[in-house]
file upload36.cif (mmCIF, C-alpha atoms and all ligand atoms)
data_input
loop_
_atom_site.label_atom_id
_atom_site.label_comp_id
_atom_site.auth_asym_id
_atom_site.auth_seq_id
_atom_site.Cartn_x
_atom_site.Cartn_y
_atom_site.Cartn_z
CA MET A 1 -77.28 -14.29 -60.14
CA ILE A 2 -76.40 -11.55 -57.66
CA ASN A 3 -77.31 -12.42 -54.10
CA PRO A 4 -79.08 -9.87 -51.94
CA SER A 5 -77.15 -8.58 -48.95
CA TYR A 6 -76.34 -11.33 -46.45
CA VAL A 7 -74.50 -11.93 -43.15
CA VAL A 8 -72.19 -14.79 -42.19
CA THR A 9 -71.33 -15.09 -38.50
CA ILE A 10 -68.32 -16.77 -36.91
CA ASP A 11 -68.35 -17.16 -33.13
CA GLY A 12 -65.94 -19.01 -30.91
CA PRO A 13 -63.45 -18.77 -28.04
CA ALA A 14 -60.21 -16.79 -27.97
CA GLY A 15 -57.53 -18.04 -30.32
CA ALA A 16 -59.72 -20.41 -32.35
CA GLY A 17 -58.46 -18.74 -35.53
CA LYS A 18 -61.64 -16.75 -36.10
CA SER A 19 -59.96 -13.52 -37.17
CA THR A 20 -57.74 -15.03 -39.83
CA VAL A 21 -60.53 -17.23 -41.11
CA ALA A 22 -63.19 -14.49 -41.07
CA LYS A 23 -60.87 -12.03 -42.84
CA ARG A 24 -59.93 -14.51 -45.58
CA ALA A 25 -63.49 -15.76 -45.99
CA ALA A 26 -64.76 -12.17 -46.38
CA HIS A 27 -62.03 -11.47 -48.93
CA GLU A 28 -62.80 -14.58 -50.97
CA LEU A 29 -66.53 -13.89 -50.89
CA GLY A 30 -65.87 -10.27 -51.85
CA ILE A 31 -67.73 -8.88 -48.84
CA LYS A 32 -66.83 -6.90 -45.71
CA TYR A 33 -65.23 -8.17 -42.53
CA LEU A 34 -66.57 -7.08 -39.14
CA ASP A 35 -64.26 -7.65 -36.17
CA THR A 36 -66.54 -7.11 -33.16
CA GLY A 37 -63.73 -8.02 -30.75
CA ALA A 38 -61.84 -4.92 -31.92
CA ILE A 39 -64.78 -2.79 -30.78
CA TYR A 40 -64.74 -4.39 -27.32
CA ARG A 41 -60.99 -3.99 -27.14
CA ALA A 42 -61.15 -0.31 -28.10
CA ILE A 43 -63.82 0.49 -25.54
CA ALA A 44 -62.00 -1.46 -22.80
CA LEU A 45 -58.79 0.41 -23.54
CA ILE A 46 -60.38 3.82 -23.32
CA LEU A 47 -62.38 2.98 -20.18
CA ALA A 48 -59.30 1.64 -18.42
CA LYS A 49 -57.25 4.67 -19.49
CA SER A 50 -59.97 6.91 -18.10
CA GLU A 51 -59.79 4.92 -14.85
CA ILE A 52 -63.43 3.96 -15.03
CA ARG A 53 -63.88 0.72 -13.16
CA PRO A 54 -66.05 -2.04 -14.64
CA ASP A 55 -68.23 -2.08 -11.51
CA SER A 56 -68.97 1.66 -11.42
CA GLU A 57 -72.23 1.45 -13.37
CA GLU A 58 -73.08 5.16 -13.17
CA PHE A 59 -69.67 6.46 -14.33
CA LEU A 60 -69.56 3.75 -16.97
CA ARG A 61 -72.87 4.72 -18.53
CA GLU A 62 -71.90 8.38 -18.56
CA ALA A 63 -68.52 7.65 -20.17
CA LEU A 64 -70.06 5.28 -22.72
CA SER A 65 -72.51 7.94 -23.84
CA GLU A 66 -69.59 10.25 -24.60
CA ILE A 67 -67.28 7.84 -26.40
CA LYS A 68 -67.44 7.84 -30.18
CA ILE A 69 -66.29 4.67 -31.92
CA GLU A 70 -65.74 4.57 -35.63
CA LEU A 71 -64.98 1.52 -37.75
CA ARG A 72 -62.88 1.91 -40.86
CA GLU A 73 -61.78 -0.75 -43.33
CA ASN A 74 -58.73 -1.83 -41.30
CA SER A 75 -58.85 0.33 -38.21
CA VAL A 76 -60.83 1.33 -35.15
CA LEU A 77 -61.02 4.94 -34.01
CA VAL A 78 -62.01 6.09 -30.53
CA ASN A 79 -62.94 9.76 -30.37
CA ASP A 80 -61.16 10.23 -33.73
CA PHE A 81 -57.98 8.60 -32.47
CA ASP A 82 -56.71 5.42 -34.19
CA VAL A 83 -56.20 2.74 -31.51
CA SER A 84 -55.77 -0.24 -33.89
CA GLY A 85 -52.16 -0.86 -32.83
CA GLU A 86 -52.72 -0.35 -29.13
CA ILE A 87 -55.56 -2.85 -28.76
CA ARG A 88 -53.51 -5.94 -29.68
CA THR A 89 -51.62 -6.51 -26.44
CA PRO A 90 -51.94 -9.13 -23.65
CA GLU A 91 -53.07 -6.32 -21.30
CA VAL A 92 -55.95 -5.39 -23.59
CA ASP A 93 -56.79 -9.13 -23.96
CA GLU A 94 -57.52 -9.13 -20.23
CA LEU A 95 -59.23 -5.72 -20.14
CA ALA A 96 -61.57 -6.55 -23.02
CA SER A 97 -62.55 -9.81 -21.36
CA ILE A 98 -63.42 -7.97 -18.13
CA TYR A 99 -65.27 -4.97 -19.60
CA SER A 100 -67.16 -7.06 -22.17
CA ALA A 101 -68.87 -8.88 -19.28
CA VAL A 102 -70.52 -5.62 -18.17
CA PRO A 103 -74.14 -5.32 -19.40
CA ALA A 104 -73.89 -1.53 -19.92
CA VAL A 105 -70.90 -2.02 -22.21
CA ARG A 106 -72.62 -4.70 -24.30
CA GLU A 107 -75.80 -2.63 -24.59
CA ALA A 108 -73.84 0.44 -25.69
CA LEU A 109 -72.05 -1.49 -28.44
CA LEU A 110 -74.99 -3.46 -29.82
CA GLY A 111 -76.39 -0.74 -32.09
CA LEU A 112 -73.01 0.02 -33.66
CA GLN A 113 -72.55 -3.67 -34.53
CA LYS A 114 -76.08 -4.19 -35.88
CA GLU A 115 -75.92 -1.12 -38.09
CA GLN A 116 -72.96 -2.54 -40.06
CA GLU A 117 -75.44 -4.77 -41.86
CA ASN A 118 -76.84 -1.66 -43.57
CA TYR A 119 -73.58 -1.12 -45.45
CA GLY A 120 -73.66 -4.44 -47.35
CA SER A 121 -72.91 -8.13 -46.93
CA LEU A 122 -70.44 -9.06 -44.25
CA VAL A 123 -68.63 -11.77 -42.32
CA ALA A 124 -68.97 -10.89 -38.63
CA GLU A 125 -66.69 -12.41 -36.05
CA GLY A 126 -67.13 -12.44 -32.26
CA ARG A 127 -68.68 -14.21 -29.28
CA ASP A 128 -72.38 -13.53 -29.75
CA VAL A 129 -72.70 -12.37 -33.35
CA GLY A 130 -74.76 -15.40 -34.39
CA SER A 131 -76.96 -15.38 -31.29
CA VAL A 132 -77.50 -11.74 -30.31
CA VAL A 133 -76.17 -9.31 -32.92
CA PHE A 134 -77.26 -11.08 -36.13
CA PRO A 135 -79.69 -13.85 -35.08
CA ASP A 136 -81.10 -13.95 -38.64
CA ALA A 137 -77.72 -14.41 -40.34
CA LYS A 138 -77.72 -16.46 -43.52
CA VAL A 139 -75.00 -18.85 -42.30
CA LYS A 140 -73.56 -19.25 -38.80
CA PHE A 141 -70.38 -20.99 -37.70
CA PHE A 142 -68.96 -21.83 -34.29
CA LEU A 143 -65.20 -22.27 -34.53
CA THR A 144 -63.32 -23.85 -31.69
CA ALA A 145 -60.14 -25.80 -30.89
CA SER A 146 -58.57 -27.27 -27.76
CA PRO A 147 -57.02 -24.69 -25.36
CA GLU A 148 -53.58 -26.21 -26.11
CA ALA A 149 -54.00 -25.91 -29.89
CA ARG A 150 -55.19 -22.32 -29.49
CA ALA A 151 -52.32 -21.40 -27.14
CA LYS A 152 -49.81 -22.89 -29.57
CA ARG A 153 -51.24 -20.79 -32.43
CA ARG A 154 -51.13 -17.59 -30.36
CA TYR A 155 -47.58 -18.40 -29.27
CA LEU A 156 -46.37 -18.97 -32.85
CA GLU A 157 -48.20 -15.85 -34.05
CA ARG A 158 -46.47 -13.66 -31.46
CA ILE A 159 -43.05 -15.21 -32.15
CA SER A 160 -43.47 -14.73 -35.90
CA LYS A 161 -44.13 -11.03 -35.26
CA GLY A 162 -40.88 -10.83 -33.28
CA LYS A 163 -42.75 -10.39 -29.99
CA GLU A 164 -41.97 -12.08 -26.69
CA ALA A 165 -44.11 -15.07 -25.80
CA ASP A 166 -44.46 -17.61 -23.03
CA TYR A 167 -46.55 -20.66 -23.94
CA GLU A 168 -47.69 -21.48 -20.37
CA GLU A 169 -48.69 -17.88 -19.75
CA ILE A 170 -50.69 -17.78 -23.00
CA LEU A 171 -52.37 -21.10 -22.18
CA ASN A 172 -53.40 -19.87 -18.71
CA SER A 173 -54.69 -16.61 -20.15
CA ILE A 174 -56.76 -18.48 -22.75
CA LYS A 175 -58.24 -20.76 -20.10
CA GLN A 176 -59.08 -17.79 -17.88
CA ARG A 177 -60.70 -15.92 -20.77
CA ASP A 178 -62.73 -19.02 -21.68
CA ILE A 179 -64.07 -19.03 -18.12
CA ASN A 180 -64.82 -15.27 -18.19
CA ASP A 181 -66.43 -15.36 -21.63
CA SER A 182 -68.60 -18.41 -21.03
CA THR A 183 -69.72 -17.78 -17.46
CA ARG A 184 -70.68 -14.11 -17.70
CA GLU A 185 -74.38 -13.43 -17.19
CA ILE A 186 -75.00 -11.44 -20.35
CA SER A 187 -74.37 -12.98 -23.79
CA PRO A 188 -72.11 -15.80 -22.57
CA LEU A 189 -70.10 -17.53 -25.26
CA SER A 190 -72.29 -20.32 -26.57
CA VAL A 191 -73.03 -22.15 -29.81
CA PRO A 192 -75.74 -20.11 -31.60
CA GLU A 193 -78.86 -21.91 -32.69
CA GLY A 194 -78.42 -23.24 -36.21
CA ALA A 195 -74.63 -22.76 -36.22
CA VAL A 196 -72.26 -25.19 -37.89
CA TYR A 197 -69.85 -26.44 -35.18
CA LEU A 198 -66.25 -26.78 -36.33
CA ASP A 199 -63.37 -28.06 -34.19
CA THR A 200 -60.25 -26.80 -35.97
CA SER A 201 -57.62 -28.39 -33.64
CA ASP A 202 -56.42 -30.72 -36.39
CA MET A 203 -57.34 -28.64 -39.44
CA THR A 204 -55.12 -26.37 -41.50
CA GLU A 205 -56.21 -22.80 -42.16
CA ASP A 206 -56.89 -23.65 -45.83
CA GLU A 207 -59.10 -26.59 -44.83
CA VAL A 208 -61.15 -24.35 -42.54
CA ILE A 209 -61.49 -21.66 -45.23
CA ASN A 210 -62.56 -24.17 -47.88
CA PHE A 211 -65.13 -25.67 -45.55
CA ILE A 212 -66.59 -22.25 -44.77
CA ILE A 213 -66.62 -20.96 -48.35
CA ASN A 214 -68.25 -24.14 -49.64
CA HIS A 215 -70.88 -23.99 -46.95
CA VAL A 216 -71.69 -20.34 -47.63
CA LYS A 217 -71.88 -20.87 -51.39
CA GLU A 218 -74.19 -23.81 -50.89
CA ALA A 219 -76.46 -21.78 -48.58
CA LEU A 220 -76.54 -18.89 -51.07
CA SER A 221 -77.50 -21.17 -53.93
CA LYS A 222 -80.63 -22.42 -52.18
O1 LIG A 301 -61.98 -11.79 -30.33
P1 LIG A 301 -61.13 -10.91 -29.41
O2 LIG A 301 -60.12 -11.71 -28.63
O3 LIG A 301 -60.52 -9.75 -30.11
O4 LIG A 301 -62.18 -10.31 -28.35
C1 LIG A 301 -61.76 -9.50 -27.29
C2 LIG A 301 -62.70 -9.67 -26.10
O5 LIG A 301 -63.98 -9.14 -26.41
C3 LIG A 301 -62.93 -11.11 -25.63
O6 LIG A 301 -62.58 -11.25 -24.28
C4 LIG A 301 -64.39 -11.36 -25.76
C5 LIG A 301 -65.00 -10.04 -26.04
N1 LIG A 301 -65.98 -10.09 -27.12
C6 LIG A 301 -67.29 -10.27 -26.78
O7 LIG A 301 -67.60 -10.39 -25.60
N2 LIG A 301 -68.26 -10.28 -27.74
C7 LIG A 301 -67.93 -10.17 -29.03
N3 LIG A 301 -68.88 -10.20 -29.96
C8 LIG A 301 -66.57 -10.01 -29.41
C9 LIG A 301 -65.62 -10.00 -28.42
#
call {"tool": "encode", "arguments": {"input": "upload36.cif", "output": "structure tokens"}}
result
Amino acid sequence: MINPSYVVTIDGPAGAGKSTVAKRAAHELGIKYLDTGAIYRAIALILAKSEIRPDSEEFLREALSEIKIELRENSVLVNDFDVSGEIRTPEVDELASIYSAVPAVREALLGLQKEQENYGSLVAEGRDVGSVVFPDAKVKFFLTASPEARAKRRYLERISKGKEADYEEILNSIKQRDINDSTREISPLSVPEGAVYLDTSDMTEDEVINFIINHVKEALSK
């Protein structure tokens, strides 16, 4: 039986392994992967480059109405310029966390995220995809892990890519982003209603993937 189009959401804090898990789960299910964090990163990068401060509401709204964001299979384009490489830096980690707390920014990006559902089934990953963007998703997950486990993963990931890394610095940044993401007034990071809560601190990537795939298949068979 072919299932009608469906959405799986994966929310959770920074470094919980969402991206890797969401990408692999989408691949194994044969559906698309939507990285909403990449959209926030791209917009934060361009706003910061344009020297538009997060508290200058009027300038922000004007700039947001002029910025065109396009999502491709493995890249994000801002005003036709591919920023996929530039958005994965510690600086953009901080910028995205700051700008994503601004209501005007979240409002401007909501439509673009929601419309992705029109192009077929997808696994969406973010901070509010199960609660705000796709509240009617077929299956929702909330993936988390201790700050130390998450910092260790980020550290090893950066080292394996030949980049410089400082564990304490990463841990502090993760803790600060947790505070920013969960205390902001609009769409704070929270466990969406009906989401399956998964603490991955002591789980391997394969264990997490198997858990997710089994859960989705079971939900689709009902
Ligand atoms: O998942 P990430 O680290 O790439 O996300 C970058 C930032 O964007 C992070 O600080 C939280 C924010 N974000 C958000 O507020 N809502 C989302 N749906 C996705 C990301």
call {"tool": "atom_distance", "arguments": {"input": "upload36.cif", "atom1": "atom CA of Val196 of chain A", "atom2": "atom O2 of ligand LIG 301 (chain A)"}}
result
20.4 Å
call {"tool": "closest_residue", "arguments": {"input": "upload36.cif", "among": "A:Val7, A:Ala16, A:Ile43, A:Ala195", "to": "Ala149 of chain A", "atoms": "all atoms listed in the file"}}
result
A:Ala16
call {"tool": "closest_residue", "arguments": {"input": "upload36.cif", "among": "A:Val8, A:Leu189, A:Ala219, A:Ile39", "to": "Ala101 of chain A", "atoms": "only C-alpha atoms"}}
result
A:Leu189
call {"tool": "atom_distance", "arguments": {"input": "upload36.cif", "atom1": "atom CA of Gly130 of chain A", "atom2": "atom CA of Lys32 of chain A"}}
result
16.2 Å
call {"tool": "atom_distance", "arguments": {"input": "upload36.cif", "atom1": "atom CA of Ala38 of chain A", "atom2": "atom CA of Pro147 of chain A"}}
result
21.4 Å
call {"tool": "closest_residue", "arguments": {"input": "upload36.cif", "among": "A:Gly85, A:Pro4, A:Gly126, A:Gly120", "to": "ligand LIG 301 (chain A)", "atoms": "all atoms listed in the file"}}
result
A:Gly126
call {"tool": "residues_near_ligand", "arguments": {"input": "upload36.cif", "ligand": "ligand LIG 301 (chain A)", "cutoff": "7 Å", "atoms": "all atoms listed in the file", "output": "count of residues only"}}
result
19
call {"tool": "residues_near_point", "arguments": {"input": "upload36.cif", "point": "(-75.9, -12.3, -41.2)", "cutoff": "7 Å", "atoms": "all atoms listed in the file", "output": "JSON, numbers by chain"}}
result
{"A": [6, 7, 8, 9, 134, 136, 137, 138, 139]}
call {"tool": "closest_residue", "arguments": {"input": "upload36.cif", "among": "A:Asn118, A:Ser5, A:Ser19, A:Asn79", "to": "Arg154 of chain A", "atoms": "all atoms listed in the file"}}
result
A:Ser19
call {"tool": "residues_around", "arguments": {"input": "upload36.cif", "residues": "Leu64 of chain A", "least_positions_apart": "3", "cutoff": "8 Å", "atoms": "all atoms listed in the file", "output": "CSV table (one decimal) with C-alpha atoms, keeping the file's coordinate frame"}}
result
chain,number,residue,atom,x,y,z
A,60,LEU,CA,-69.6,3.8,-17.0
A,61,ARG,CA,-72.9,4.7,-18.5
A,67,ILE,CA,-67.3,7.8,-26.4
A,105,VAL,CA,-70.9,-2.0,-22.2
A,108,ALA,CA,-73.8,0.4,-25.7
call {"tool": "closest_residue", "arguments": {"input": "upload36.cif", "among": "A:Arg24, A:His215, A:Arg150, A:Lys163", "to": "Met203 of chain A", "atoms": "all atoms listed in the file"}}
result
A:Arg150
call {"tool": "closest_residue", "arguments": {"input": "upload36.cif", "among": "A:Val92, A:Phe142, A:Ser50, A:Leu112", "to": "Asp35 of chain A", "atoms": "only C-alpha atoms"}}
result
A:Leu112
call {"tool": "residues_around", "arguments": {"input": "upload36.cif", "residues": "Leu77 of chain A", "least_positions_apart": "6", "cutoff": "10 Å", "atoms": "all atoms listed in the file", "output": "list in words"}}
result
Ile39, Ala42, Ile43, Lys68, Ile69, Glu70, Leu71, Val83 and Ser84 of chain A
call {"tool": "residues_near_point", "arguments": {"input": "upload36.cif", "point": "(-52.1, -23.0, -30.7)", "cutoff": "10 Å", "atoms": "all atoms listed in the file", "output": "list of chain:residue names"}}
result
A:Gly15, A:Ala16, A:Gly17, A:Ala145, A:Ser146, A:Pro147, A:Glu148, A:Ala149, A:Arg150, A:Ala151, A:Lys152, A:Arg153, A:Arg154, A:Tyr155, A:Leu156, A:Glu157, A:Tyr167, A:Ile170, A:Leu171, A:Ser201
call {"tool": "axis_aligned_box", "arguments": {"input": "upload36.cif", "around": "segment 135-154 of chain A", "padding_each_side": "6 Å", "output": "lines of an AutoDock Vina configuration file"}}
result
center_x = -65.5
center_y = -20.6
center_z = -34.4
size_x = 43.3
size_y = 25.4
size_z = 30.2
call {"tool": "decode", "arguments": {"input": "upload36.cif", "residues": "segment 82-153 of chain A", "atoms": "C-alpha atoms", "output": "PDB file, in the first residue's frame"}}
result
ATOM      1  CA  ASP A  82      24.634  29.562  -2.121  1.00  0.00           C
ATOM      2  CA  VAL A  83      25.460  30.056   1.582  1.00  0.00           C
ATOM      3  CA  SER A  84      25.457  26.350   2.578  1.00  0.00           C
ATOM      4  CA  GLY A  85      29.165  26.355   3.466  1.00  0.00           C
ATOM      5  CA  GLU A  86      29.162  29.686   5.256  1.00  0.00           C
ATOM      6  CA  ILE A  87      26.339  28.895   7.675  1.00  0.00           C
ATOM      7  CA  ARG A  88      28.146  26.080   9.507  1.00  0.00           C
ATOM      8  CA  THR A  89      30.469  28.080  11.746  1.00  0.00           C
ATOM      9  CA  PRO A  90      30.483  28.811  15.510  1.00  0.00           C
ATOM     10  CA  GLU A  91      29.788  32.492  14.675  1.00  0.00           C
ATOM     11  CA  VAL A  92      26.633  31.586  12.772  1.00  0.00           C
ATOM     12  CA  ASP A  93      25.642  29.210  15.629  1.00  0.00           C
ATOM     13  CA  GLU A  94      25.464  32.294  17.857  1.00  0.00           C
ATOM     14  CA  LEU A  95      23.883  34.589  15.257  1.00  0.00           C
ATOM     15  CA  ALA A  96      21.127  32.108  14.400  1.00  0.00           C
ATOM     16  CA  SER A  97      20.309  31.651  18.067  1.00  0.00           C
ATOM     17  CA  ILE A  98      19.962  35.429  18.518  1.00  0.00           C
ATOM     18  CA  TYR A  99      18.003  36.264  15.345  1.00  0.00           C
ATOM     19  CA  SER A 100      15.704  33.237  15.660  1.00  0.00           C
ATOM     20  CA  ALA A 101      14.381  34.698  18.928  1.00  0.00           C
ATOM     21  CA  VAL A 102      13.003  37.722  17.046  1.00  0.00           C
ATOM     22  CA  PRO A 103       9.253  37.399  16.305  1.00  0.00           C
ATOM     23  CA  ALA A 104       9.522  39.170  12.927  1.00  0.00           C
ATOM     24  CA  VAL A 105      12.134  36.656  11.796  1.00  0.00           C
ATOM     25  CA  ARG A 106      10.056  33.642  12.857  1.00  0.00           C
ATOM     26  CA  GLU A 107       6.929  35.050  11.207  1.00  0.00           C
ATOM     27  CA  ALA A 108       8.790  35.710   7.959  1.00  0.00           C
ATOM     28  CA  LEU A 109      10.109  32.138   7.802  1.00  0.00           C
ATOM     29  CA  LEU A 110       6.953  30.272   8.780  1.00  0.00           C
ATOM     30  CA  GLY A 111       5.314  30.244   5.335  1.00  0.00           C
ATOM     31  CA  LEU A 112       8.441  28.976   3.593  1.00  0.00           C
ATOM     32  CA  GLN A 113       8.671  26.063   6.043  1.00  0.00           C
ATOM     33  CA  LYS A 114       4.978  25.152   5.900  1.00  0.00           C
ATOM     34  CA  GLU A 115       4.897  25.159   2.111  1.00  0.00           C
ATOM     35  CA  GLN A 116       7.505  22.365   1.926  1.00  0.00           C
ATOM     36  CA  GLU A 117       4.727  19.942   2.834  1.00  0.00           C
ATOM     37  CA  ASN A 118       3.174  20.585  -0.585  1.00  0.00           C
ATOM     38  CA  TYR A 119       6.144  18.967  -2.327  1.00  0.00           C
ATOM     39  CA  GLY A 120       5.701  15.513  -0.747  1.00  0.00           C
ATOM     40  CA  SER A 121       6.404  13.584   2.438  1.00  0.00           C
ATOM     41  CA  LEU A 122       9.215  14.855   4.605  1.00  0.00           C
ATOM     42  CA  VAL A 123      11.209  14.564   7.811  1.00  0.00           C
ATOM     43  CA  ALA A 124      11.426  18.073   9.266  1.00  0.00           C
ATOM     44  CA  GLU A 125      14.018  18.941  11.859  1.00  0.00           C
ATOM     45  CA  GLY A 126      14.127  22.011  14.124  1.00  0.00           C
ATOM     46  CA  ARG A 127      12.983  23.560  17.398  1.00  0.00           C
ATOM     47  CA  ASP A 128       9.272  24.082  16.806  1.00  0.00           C
ATOM     48  CA  VAL A 129       8.461  21.925  13.791  1.00  0.00           C
ATOM     49  CA  GLY A 130       6.191  19.589  15.755  1.00  0.00           C
ATOM     50  CA  SER A 131       4.467  22.365  17.695  1.00  0.00           C
ATOM     51  CA  VAL A 132       4.174  25.362  15.353  1.00  0.00           C
ATOM     52  CA  VAL A 133       5.177  24.518  11.777  1.00  0.00           C
ATOM     53  CA  PHE A 134       3.580  21.068  11.403  1.00  0.00           C
ATOM     54  CA  PRO A 135       1.263  20.601  14.409  1.00  0.00           C
ATOM     55  CA  ASP A 136      -0.651  17.890  12.505  1.00  0.00           C
ATOM     56  CA  ALA A 137       2.434  15.809  11.672  1.00  0.00           C
ATOM     57  CA  LYS A 138       1.917  12.064  11.474  1.00  0.00           C
ATOM     58  CA  VAL A 139       4.720  11.280  13.953  1.00  0.00           C
ATOM     59  CA  LYS A 140       6.641  13.654  16.227  1.00  0.00           C
ATOM     60  CA  PHE A 141       9.900  13.086  18.083  1.00  0.00           C
ATOM     61  CA  PHE A 142      11.774  15.123  20.657  1.00  0.00           C
ATOM     62  CA  LEU A 143      15.440  14.176  20.635  1.00  0.00           C
ATOM     63  CA  THR A 144      17.673  15.270  23.459  1.00  0.00           C
ATOM     64  CA  ALA A 145      20.877  14.347  25.304  1.00  0.00           C
ATOM     65  CA  SER A 146      22.844  15.777  28.216  1.00  0.00           C
ATOM     66  CA  PRO A 147      24.794  18.997  27.431  1.00  0.00           C
ATOM     67  CA  GLU A 148      28.045  17.053  28.005  1.00  0.00           C
ATOM     68  CA  ALA A 149      27.091  14.269  25.583  1.00  0.00           C
ATOM     69  CA  ARG A 150      26.070  16.849  22.982  1.00  0.00           C
ATOM     70  CA  ALA A 151      29.276  18.885  23.431  1.00  0.00           C
ATOM     71  CA  LYS A 152      31.363  15.733  23.061  1.00  0.00           C
ATOM     72  CA  ARG A 153      29.598  14.866  19.778  1.00  0.00           C
TER      73      ARG A 153
END
